[in-house]
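Engineer: Dumping the structure here so I can ask a few things about it.
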Amino acid sequence: MKQEAVPFWKTKALAKMTKAEWESLCDGCAKCCLNKLENDATGEIQYTDIACRLLDTELCRCVSYADRKRFVPDCQILNIQSIKRLTWLPSTCAYRLLDEGKELFWWHPLISGDPETVHEAGISVRGRVVSERDTDDLEGRVVGWPK
Ligand code: SF4
Ligand code: SF4
């Protein structure tokens with residue numbers, strides 16, 4: 001009987017993944033592309049439902065991913081160091097899950113084989129955010145669901 005191959009994210013440490021493997025881990029939820037507020041006193045990070053101006057809020061994709069730092073200098077590039085530092089990454093984020101030794105959810109495109117399941121499961125920002133091109137009312141748009 002032919003044995004199923006064990007998927008790469010179960011056999012490789014994050015630090016050993018190829019660039020293509022690393023990129024494929026992103027589920028496309030775009031929650032990390034939401035603007036956040038930091039409490040100066042406590043350091044607590046709160047999400048808003050206002051998306052970065054480069055995010056296509058329907059497709060949940062960055063419109064200038066390759067050169068995003070040129071347009072949004074504070075866009076956080078995820079790597080093995082930053083996923084430990086960025087404690088605000090959502091609990092559903094694949095990088096965070098794997099770094100914490102957890103499993104990917106059924107709706108992750110690598111599990112389901114379908115990039116739409118992250119949207120169908122209500123995990124992504126699709127349909128529930130506005131662009132920062134349309135509002136700057138950060139304090140008025142604090143939300144808890146992205147965490
Ligand atoms: S939160 Fe994680 S999985 Fe979701 S878009 Fe950002 S990097 Fe990708
Ligand atoms: S520049 Fe692109 S990847 Fe970075 S936060 Fe904005 S939309 Fe997301």
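Going through the structure tokens in order, the chains are called A, B, and so on, while each chain numbers its residues from 1 and the ligands are numbered from 1 in the order shown.
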Show me, as JSON, numbers by chain, the residues that have an atom within 9 Å of stretch 77-79 of chain A when counting only C-alpha atoms, minus same-chain residues fewer than 6 positions from it.

Structural biologist: {"A": [14, 15, 22, 69, 86, 95]}

Engineer: Quick one: everything within 7 Å of A:Cys29, counting only C-alpha atoms, minus sequence neighbours fewer than 5 positions away in the same chain. Send it as a PyMOL selection string.

Structural biologist: chain A and resi 60+118+123-125

Engineer: Please return as a list in words the residues found within 7 Å of ligand 2, counting only C-alpha atoms and all ligand atoms.

Structural biologist: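 What falls inside 7 Å of ligand 2 is Ala30, Cys32, Cys33, Leu34, Cys52, Arg53, Leu54, Leu55, Arg61, Cys62, Val63, Ser64, Tyr65, Arg68, Lys69, Phe71, Val72, Cys75 and Gln76 of chain A.
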
Engineer: Where does chain A meet ligand 1 within 6 Å, residue by residue, with the nearest atom pair and distance in Å to one decimal for each, counting only C-alpha atoms and all ligand atoms, listed by chain and rising number, as JSON lines?

Structural biologist:
{"residue": "A:Cys26", "atom": "CA", "partner": "ligand 1", "partner_atom_place_in_ligand_line": "8 (Fe)", "distance": 3.7}
{"residue": "A:Asp27", "atom": "CA", "partner": "ligand 1", "partner_atom_place_in_ligand_line": "3 (S)", "distance": 4.3}
{"residue": "A:Gly28", "atom": "CA", "partner": "ligand 1", "partner_atom_place_in_ligand_line": "5 (S)", "distance": 4.4}
{"residue": "A:Cys29", "atom": "CA", "partner": "ligand 1", "partner_atom_place_in_ligand_line": "4 (Fe)", "distance": 4.2}
{"residue": "A:Ala30", "atom": "CA", "partner": "ligand 1", "partner_atom_place_in_ligand_line": "5 (S)", "distance": 3.8}
{"residue": "A:Lys31", "atom": "CA", "partner": "ligand 1", "partner_atom_place_in_ligand_line": "1 (S)", "distance": 4.9}
{"residue": "A:Cys32", "atom": "CA", "partner": "ligand 1", "partner_atom_place_in_ligand_line": "6 (Fe)", "distance": 4.3}
{"residue": "A:Leu89", "atom": "CA", "partner": "ligand 1", "partner_atom_place_in_ligand_line": "1 (S)", "distance": 5.9}
{"residue": "A:Pro90", "atom": "CA", "partner": "ligand 1", "partner_atom_place_in_ligand_line": "1 (S)", "distance": 5.7}
{"residue": "A:Cys93", "atom": "CA", "partner": "ligand 1", "partner_atom_place_in_ligand_line": "2 (Fe)", "distance": 3.9}
{"residue": "A:Ala94", "atom": "CA", "partner": "ligand 1", "partner_atom_place_in_ligand_line": "3 (S)", "distance": 5.1}

Engineer: Have a look at A:Arg96, A:Lys36, A:His119, A:Lys16 and name the one nearest to A:Asp137; count only C-alpha atoms.

Structural biologist: A:Lys36

Engineer: Just list the residues in chain A DSSP gives alpha helix (DSSP H) on the backbone, as number ranges by chain.

Structural biologist: A: 8-11, 19-24, 68-71, 82-85, 94-99, 109-112, 117-120

Engineer: Excluding A:Leu37 and its own-chain neighbours fewer than 2 positions away, which residues fall within 8 Å of it when counting only C-alpha atoms? Please give them as number ranges by chain.

Structural biologist: A: 35, 39, 45-48, 138-139

Engineer: Considering only C-alpha atoms, can you say which of A:Thr11, A:Ser24, A:Thr18, A:Thr87 comes closest to A:Pro115?

Structural biologist: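 With only C-alpha atoms as the atom set, the closest residue is A:Ser24.
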
Engineer: Identify which of the residues A:Asp49, A:Gln81, A:Glu103, A:Pro73 lies closest to A:Trp145, counting only C-alpha atoms when measuring atom-to-atom distances.

Structural biologist: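 Nearest to A:Trp145: A:Asp49.
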
Engineer: If I take atom CA of A:Pro146 and atom CA of A:Thr42, how far is one from the other in Å, to one decimal?

Structural biologist: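 Separating atom CA of A:Pro146 from atom CA of A:Thr42 is a distance of 19.7 Å.
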
Engineer: Give me the residues near A:Thr135 as a PDB file with all heavy atoms, in the first residue's frame, where near means some atom within 10 Å (using only C-alpha atoms) and where sequence neighbours in that chain fewer than 6 positions away do not count.

Structural biologist:
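Dumped to selection-v1.pdb:
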ATOM      1  N   ILE A  50      -9.752  48.608  10.548  1.00  0.00           N
ATOM      2  CA  ILE A  50      -9.298  49.470   9.454  1.00  0.00           C
ATOM      3  C   ILE A  50      -8.049  48.838   8.842  1.00  0.00           C
ATOM      4  O   ILE A  50      -7.044  48.612   9.523  1.00  0.00           O
ATOM      5  CB  ILE A  50      -8.970  50.883   9.973  1.00  0.00           C
ATOM      6  CG1 ILE A  50     -10.205  51.497  10.646  1.00  0.00           C
ATOM      7  CG2 ILE A  50      -8.482  51.759   8.827  1.00  0.00           C
ATOM      8  CD1 ILE A  50      -9.951  52.850  11.291  1.00  0.00           C
ATOM      9  N   ALA A  51      -8.140  48.549   7.553  1.00  0.00           N
ATOM     10  CA  ALA A  51      -7.052  47.839   6.878  1.00  0.00           C
ATOM     11  C   ALA A  51      -6.038  48.797   6.277  1.00  0.00           C
ATOM     12  O   ALA A  51      -6.370  49.924   5.881  1.00  0.00           O
ATOM     13  CB  ALA A  51      -7.624  46.957   5.773  1.00  0.00           C
ATOM     14  N   ARG A 141     -12.831  52.473  16.052  1.00  0.00           N
ATOM     15  CA  ARG A 141     -13.009  51.217  15.328  1.00  0.00           C
ATOM     16  C   ARG A 141     -12.167  50.083  15.919  1.00  0.00           C
ATOM     17  O   ARG A 141     -11.683  49.204  15.205  1.00  0.00           O
ATOM     18  CB  ARG A 141     -12.703  51.435  13.845  1.00  0.00           C
ATOM     19  CG  ARG A 141     -13.629  52.493  13.223  1.00  0.00           C
ATOM     20  CD  ARG A 141     -13.733  52.384  11.738  1.00  0.00           C
ATOM     21  NE  ARG A 141     -14.314  51.142  11.307  1.00  0.00           N
ATOM     22  CZ  ARG A 141     -15.363  51.034  10.493  1.00  0.00           C
ATOM     23  NH1 ARG A 141     -15.973  52.138  10.077  1.00  0.00           N
ATOM     24  NH2 ARG A 141     -15.796  49.863  10.104  1.00  0.00           N
TER      25      ARG A 141
END

Engineer: Write down as an MDAnalysis selection string the residues of chain A whose backbone DSSP state falls under strand (DSSP E).

Structural biologist: chainID A and resid 34:38 45:51 55:56 61:62 130:131 142:143

Engineer: Excluding A:Thr117 and any residue of its chain fewer than 4 positions from it, enumerate the residues within 10 Å of it, using only C-alpha atoms, and give them as an NGL selection string.

Structural biologist: :A and (27 or 106-109 or 111-113 or 121-124)

Engineer: Taking only C-alpha atoms into account, name the residue in A:Val130, A:Ala41, A:Val6, A:Leu110 that is nearest to A:Glu21.

Structural biologist: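 Under the stated criterion, the closest residue is A:Leu110.
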